[in-house]
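Participant: Sharing a structure with you now.
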Amino acid sequence: MKRDMPKGTVLAFDFGLKRIGVAVGEPELRTVHPLPAVSQFTDIEGLVEEWKPASLVVGLPTSAQGEPHKMTRQAEDFARRLERRFKLPVARVDERFTSVEAESRLKGLKNKAIDSVAAQLILEQYFDQAA
């Protein structure tokens with residue numbers, strides 16, 4: 001799906017109950033980098049202050065068949081909370097299989113970086129959809 005993309009920095013989030021993966025990117029340059037995962041909404045306020053994004057992206061988890069489930073609703077609630085708090089556009093991206101791909105990129109290591117690499121993949125997918 002082709003979409004119009006705001007110009008400027010974009011922050012992406014891989015919502016989780018324990019950690020929220022974070023990535024930052026520049027659509028004009030097509031660059032995306034993972035940032036350290038956060039565990040509280042207040043940590044996101046600091047990221048928005050530091051990076052001054054033009055927009056945000058949230059990955060929406062679904063089943064392998066694309067059906068919504070409990071985590072989909074929680075991620076959607078998180079996205080709406082971001083919209084209300086920061087008054088920025090928040091795009092939603094289907095994040096099916098991003099954690100599996102993130103593990104593959106990290107060669108199966110189980111660590112906190114996996115959440116932010118998943119956020120990186122979500123943002124890369126978002127940029128690809130605008131190409």
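Convention: chains lettered A, B, ... in structure tokens order; per-chain residue numbering from 1; ligands numbered from 1 as shown.
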So that I can check the surroundings of A:Arg30, please list as number ranges by chain every protein, DNA and RNA residue that reaches within 9 Å of it, counting only C-alpha atoms and ignoring chain neighbours fewer than 6 positions away.

Facilitator: A: 124, 127-128

Participant: Run DSSP on the backbone and tell me which residues of chain A come out as strand (DSSP E); list them as a count of residues only.

Facilitator: 31

Participant: Could you tell me how far atom CA of A:Pro27 lies from atom CA of A:Arg81, in Å and to one decimal?

Facilitator: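 Taking atom CA of A:Pro27 as the start and atom CA of A:Arg81 as the end point, the length is 23.6 Å.
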
Participant: Give the answer as one residue: which of A:Ala75, A:Ala37, A:Ile20, A:Leu11 has the shortest atom-to-atom distance to A:Leu60, using only C-alpha atoms?

Facilitator: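 Of all the options, A:Ala75 lies closest to A:Leu60.
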
Participant: As an exercise, work out the distance from atom CA of A:Lys7 to atom CA of A:Val24 in Å and give it to one decimal place.

Facilitator: 13.4 Å
